[in-house]
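What follows is a set of notes on a single structure, which appears directly below.
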Amino acid sequence: MQPPAFVPLGGDAGSGAQPWHPGSVGNQIRQAIFTGAWTAVRDKHFDKTLGGLDWDGLRKKYEPLALAAPDEPTFYRLLNQMLGLLGQSHLQVHGPGEEPAPPSDEIPAPRARTAAADAIREAGDDYGDPGLVIRIIEGKPTITRVRPGSSAAGAGLRPGFLVTHIGGRALDSLPPSGRALRPVEERFRLRQLAARRLAGLVGSRVSLRCLDENDRPIEVMLERDPPPARAIQVLNMSPVVPQVTSRQVGEVGIVAFNVFLLQPVLGEVEKVIDGFRARGAKAIIIDLRGNPGGIGAMVIPLAVRLSAAPLTLGTIVYRDFSNTLATTASLGIKPFMGRVVILTDEGTASTSEIFAAGLQEAKRALVVGDTTAGAALGSIIEELPGGAVVQIPVADFRTPKGMTIEGRGVQPDRRVFETRAGFLAGRDVVLDAGLDLAKASHP
């Protein structure tokens with residue numbers, strides 16, 4: 001992947017930004033943010049060589065341009081453009097003023113802290129959303145899921161409708177990125193952006209412009225419903241309501257969960273798997289579509305539930321050491337021994353990718369769906385002056401065969417292409433393919 005070309009970005013004359021003056025308080029803060037981010041990457045990135053980049057030379061090139069930027073959005077874009085030359089996920093700086101403020105009732109982009117206690121935290125009682133998922137399907141923002149009983153369902157929205165605007169803002173382009181993005185990353189970013197624009201204060205309203213099944217333009221005003229449970233935020237991901245759902249189709253159990261958490265998600269998933277085994281299920285489908293990852297410590301205990309034999313799932317490579325992810329037999333646990341199928345899409349990222357790739361290479365699971373996000377780096381968040389934060393990748397993941405998932409993603413054993421027509425028809429073609437594979441393992 002080629003790094004993005006360096007293009008100094010001009011400011012918006014109407015943004016109200018104050019001009020830069022050498023020695024000003026604002027420039028002192030910029031200097032501290034730039035120095036703090038540059039130093040943190042140099043000292044803590046898992047790759048001591050930083051991919052062979054001349055890190056000192058890049059500082060000399062970008063620092064004067066960033067400090068002289070006419071406004072804060074330009075400052076952060078230049079700083080992230082420098083970081084983007086590494087071409088990796090989980091590497092970015094966020095801070096006040098990096099983008100125009102959202103409407104007052106919209107959830108802003110998250111700002112994470114460094115303390116371990118803040119790695120998982122409640123998003124607040126005011127978080128709500130109208131109950132729909134928007135993804136890129138066949139190149140266009142498309143509603144792919146509508147929560148039953150939600151405001152979106154009450155407004156008559158259906159999977160397959162195309163979305164053009166959220167809250168009066170067009171959804172046909174993404175904010176600029178600090179690095180060149182692969183198509184799957186663009187789809188992942190739009191999914192996250194749409195979720196953030198839909199989210200907001202419970203009871204507030206947000207407009208949505210769509211094209212219906214006949215491509216007729218419609219506009220609806222949706223109320224942001226209260227979540228079914230308390231929303232949490234993991235590191236710097238958008239707020240999410242932890243959910244575990246399950247059902248059984250004949251002799252195939254299906255479980256889906258939307259974030260990797262030790263509590264309460266791991267315990268609930270373990271109970272579901274034990275229940276499938278007790279009821280004689282011969283195959284299990286684990287639906288990780290839209291699961292952006294979370295806490296890596298959930299991988300091993302979940303894998304133990306799926307294999308009696310020891311498994312090596314891969315290696316976490318840190319700056320000065322590595323840690324092999326391996327399971328051992330656990331007393332008192334009866335693992336599920338039938339076929340395992342994992343469903344993925346562009347929203348499957350980070351810990352979800354580690355879990356899927358590890359089981360796939362260990363020949364314990366088949367992966368069905370689309371290529372995952374390819375964002376499988378372990379990271380930390382550090383505070384910087386002025387309310388800014390930097391996310392730094394401190395660990396890489398390698399599969400048992402030494403493959404890197406970062407920038408590549410997990411390649412499914414059976415790739416399934418979703419279409420707008422399929423969503424309009426009410427079909428879940430990825431689940432259908434997963435069921436076919438699961439049922440093929442037994443009469």
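Just so we're on the same page: first chain in the structure tokens is A, next is B, and so on; residues restart at 1 for each chain, and ligands are numbered from 1 in the order they show up.
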Contact check, range 207-323 of chain A to range 396-417 of chain A, at most 6 Å, counting only C-alpha atoms, closest pairs as JSON lines:
{"residue": "A:Gly314", "atom": "CA", "partner": "A:Thr399", "partner_atom": "CA", "distance": 4.2}
{"residue": "A:Thr315", "atom": "CA", "partner": "A:Arg398", "partner_atom": "CA", "distance": 5.2}
{"residue": "A:Ile316", "atom": "CA", "partner": "A:Phe397", "partner_atom": "CA", "distance": 4.7}
{"residue": "A:Val317", "atom": "CA", "partner": "A:Asp396", "partner_atom": "CA", "distance": 5.0}
Dump as a compact mmCIF listing (two decimals), in the first residue's frame, selection limited to N, CA and C atoms:
# COMPACT_ATOMS: atom_id res chain seq x y z
N GLY A 314 -2.22 -18.46 17.94
CA GLY A 314 -1.37 -17.43 17.37
C GLY A 314 -0.46 -16.83 18.41
N THR A 315 0.22 -15.77 18.02
CA THR A 315 1.19 -15.13 18.90
C THR A 315 1.00 -13.62 18.90
N ILE A 316 1.01 -13.04 20.09
CA ILE A 316 0.98 -11.60 20.25
C ILE A 316 2.43 -11.13 20.34
N VAL A 317 2.86 -10.31 19.40
CA VAL A 317 4.26 -9.88 19.32
C VAL A 317 4.36 -8.45 19.85
Between A:Ala281, A:Leu262, A:Ile392, A:Val133, which residue has the minimum interatomic distance to Arg339 in chain A, considering only C-alpha atoms?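 Looking at the shortest contact to Arg339 in chain A, the residue is A:Ala281.
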CA of Ser89 in chain A and CA of Ala231 in chain A are how many Å apart?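 Straight-line distance from CA of Ser89 in chain A to CA of Ala231 in chain A works out to 24.4 Å.
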Å distance separating CA of Gln360 in chain A from CA of Gln88 in chain A, one decimal place: 23.4 Å
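CA of Arg187 in chain A is positioned 13.3 Å from CA of Glu418 in chain A.
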DSSP says helix (DSSP H, G or I) for which residues of range 11-91 of chain A? Put them as a PyMOL selection string? chain A and resi 25-44+50-52+55-67+72-84
Please provide as a ChimeraX atom specification all residues within 10 Å of Ala421 in chain A, with the sequence filter that same-chain residues fewer than 2 positions apart are discarded (counting only C-alpha atoms). /A:159-161,213,418-419,423-427
Write to file, as a PDB file, in the first residue's frame, the residues of the selection just made, with N, CA and C atoms.
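Just written: out20.pdb:
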ATOM      1  N   PRO A 159     -34.546  -2.998   5.708  1.00  0.00           N
ATOM      2  CA  PRO A 159     -33.257  -3.344   5.114  1.00  0.00           C
ATOM      3  C   PRO A 159     -33.344  -3.259   3.586  1.00  0.00           C
ATOM      4  N   GLY A 160     -32.319  -2.691   2.994  1.00  0.00           N
ATOM      5  CA  GLY A 160     -32.307  -2.496   1.546  1.00  0.00           C
ATOM      6  C   GLY A 160     -32.550  -1.058   1.131  1.00  0.00           C
ATOM      7  N   PHE A 161     -33.109  -0.226   2.026  1.00  0.00           N
ATOM      8  CA  PHE A 161     -33.261   1.197   1.720  1.00  0.00           C
ATOM      9  C   PHE A 161     -31.870   1.838   1.669  1.00  0.00           C
ATOM     10  N   GLU A 213     -37.540   1.066  -1.583  1.00  0.00           N
ATOM     11  CA  GLU A 213     -37.311  -0.088  -2.461  1.00  0.00           C
ATOM     12  C   GLU A 213     -37.512   0.246  -3.941  1.00  0.00           C
ATOM     13  N   GLU A 418     -22.983  -9.866  -0.423  1.00  0.00           N
ATOM     14  CA  GLU A 418     -24.315  -9.374  -0.085  1.00  0.00           C
ATOM     15  C   GLU A 418     -24.778  -8.362  -1.134  1.00  0.00           C
ATOM     16  N   THR A 419     -26.076  -8.329  -1.369  1.00  0.00           N
ATOM     17  CA  THR A 419     -26.655  -7.415  -2.353  1.00  0.00           C
ATOM     18  C   THR A 419     -27.830  -6.667  -1.756  1.00  0.00           C
ATOM     19  N   PHE A 423     -31.205  -7.940   0.689  1.00  0.00           N
ATOM     20  CA  PHE A 423     -31.751  -7.306   1.899  1.00  0.00           C
ATOM     21  C   PHE A 423     -33.213  -6.927   1.707  1.00  0.00           C
ATOM     22  N   LEU A 424     -33.557  -6.398   0.533  1.00  0.00           N
ATOM     23  CA  LEU A 424     -34.956  -6.040   0.276  1.00  0.00           C
ATOM     24  C   LEU A 424     -35.865  -7.265   0.332  1.00  0.00           C
ATOM     25  N   ALA A 425     -35.316  -8.414  -0.061  1.00  0.00           N
ATOM     26  CA  ALA A 425     -36.095  -9.657  -0.038  1.00  0.00           C
ATOM     27  C   ALA A 425     -36.130 -10.294   1.351  1.00  0.00           C
ATOM     28  N   GLY A 426     -35.427  -9.675   2.310  1.00  0.00           N
ATOM     29  CA  GLY A 426     -35.435 -10.211   3.663  1.00  0.00           C
ATOM     30  C   GLY A 426     -34.516 -11.403   3.868  1.00  0.00           C
ATOM     31  N   ARG A 427     -33.544 -11.573   2.982  1.00  0.00           N
ATOM     32  CA  ARG A 427     -32.639 -12.714   3.081  1.00  0.00           C
ATOM     33  C   ARG A 427     -31.360 -12.345   3.822  1.00  0.00           C
TER      34      ARG A 427
END
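In terms of minimum interatomic distance to Gly294 in chain A, A:Val259 ranks closest within A:Val146, A:Ala155, A:Val259, A:Val390, counting only C-alpha atoms.
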Could you check which of A:Thr348, A:Glu72, A:Lys44, A:Pro227 is closest to Gly386 in chain A, using only C-alpha atoms?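 The closest residue to Gly386 in chain A is A:Glu72.
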Using only C-alpha atoms, the best pick from A:Gly200, A:Gly84, A:Gly149, A:Pro73 as closest to Leu58 in chain A would be A:Gly84
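Omitting Ser352 in chain A and its sequence neighbours fewer than 3 positions away, and counting only C-alpha atoms, the residues within 7 Å are Leu288, Asn291, Pro292, Gly293, Thr348, Ala349, Phe355 and Ala356 of chain A.
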Give me, as a short mmCIF file (atom, residue, chain, number, x, y, z; two decimals) with C-alpha atoms, in the first residue's frame, all polymer residues having an atom no more than 12 Å from range 321-334 of chain A, counting only C-alpha atoms and skipping those fewer than 5 positions away in the same chain.
data_model
loop_
_atom_site.label_atom_id
_atom_site.label_comp_id
_atom_site.auth_asym_id
_atom_site.auth_seq_id
_atom_site.Cartn_x
_atom_site.Cartn_y
_atom_site.Cartn_z
CA PHE A 46 5.81 -2.62 18.81
CA ASP A 47 8.18 -2.20 15.85
CA GLU A 270 -20.33 -19.86 27.65
CA LYS A 271 -23.81 -20.67 28.96
CA ILE A 273 -22.57 -22.95 24.10
CA ASP A 274 -23.08 -25.32 27.04
CA GLY A 275 -26.81 -25.24 26.36
CA PHE A 276 -26.33 -26.13 22.69
CA ARG A 277 -24.12 -29.07 23.68
CA ALA A 278 -26.63 -30.28 26.26
CA GLY A 296 -8.41 -9.94 24.16
CA ALA A 297 -8.47 -11.96 27.37
CA MET A 298 -11.84 -13.40 26.30
CA VAL A 299 -10.28 -15.36 23.41
CA ILE A 300 -8.72 -18.23 25.38
CA PRO A 301 -11.63 -19.15 27.70
CA LEU A 302 -14.02 -19.04 24.74
CA ALA A 303 -11.74 -21.27 22.65
CA VAL A 304 -11.50 -23.74 25.56
CA ARG A 305 -15.26 -24.23 25.26
CA LEU A 306 -14.77 -25.36 21.65
CA SER A 307 -11.95 -27.92 21.78
CA ALA A 308 -10.88 -30.79 24.01
CA ALA A 309 -7.41 -30.81 22.45
CA PRO A 310 -4.93 -28.00 23.14
CA LEU A 311 -5.00 -25.27 20.50
CA THR A 312 -2.42 -22.69 19.48
CA LEU A 313 -4.30 -19.67 18.21
CA GLY A 314 -1.37 -17.43 17.37
CA THR A 315 1.19 -15.13 18.90
CA ILE A 316 0.98 -11.60 20.25
CA ILE A 354 -7.70 -12.85 16.34
CA PHE A 355 -10.37 -15.33 17.47
CA ALA A 357 -8.05 -16.42 12.44
CA GLY A 358 -6.77 -18.58 15.28
CA LEU A 359 -9.62 -21.09 15.09
CA ALA A 362 -6.19 -24.52 13.91
CA VAL A 394 2.01 -1.87 21.02
CA ALA A 395 1.48 -5.42 19.76
CA ASP A 396 1.05 -7.26 16.48
CA PHE A 397 -0.79 -10.56 15.99
CA ARG A 398 0.60 -13.47 14.01
CA THR A 399 -1.38 -16.61 13.24
CA PRO A 400 0.11 -20.03 14.05
CA GLY A 402 3.12 -16.62 11.01
#
Could you tell me which of A:Asp215, A:Asp71, A:Asp56, A:Glu186 comes closest to Arg420 in chain A if we count only C-alpha atoms? A:Asp215
Could you name the residues that touch Arg205 in chain A at 7 Å or less, counting only C-alpha atoms, but leaving out those on the same chain fewer than 4 positions away, as number ranges by chain? A: 221-224
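Non-sequential neighbours of Ser150 in chain A (distance at most 9 Å, separation of 2 or more positions within a chain, only C-alpha atoms) are Asp129, Pro130, Gly131, Leu132, Val146, Arg147, Pro148, Ala152, Ala153, Gly154, Ala155, Glu223, Arg224 and Asp225 of chain A.
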Looking at only C-alpha atoms, which of A:Arg77, A:Arg216, A:His45, A:Lys60 is the one that sits closest to Leu162 in chain A?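 Among the listed residues, A:Arg216 lies closest to Leu162 in chain A.
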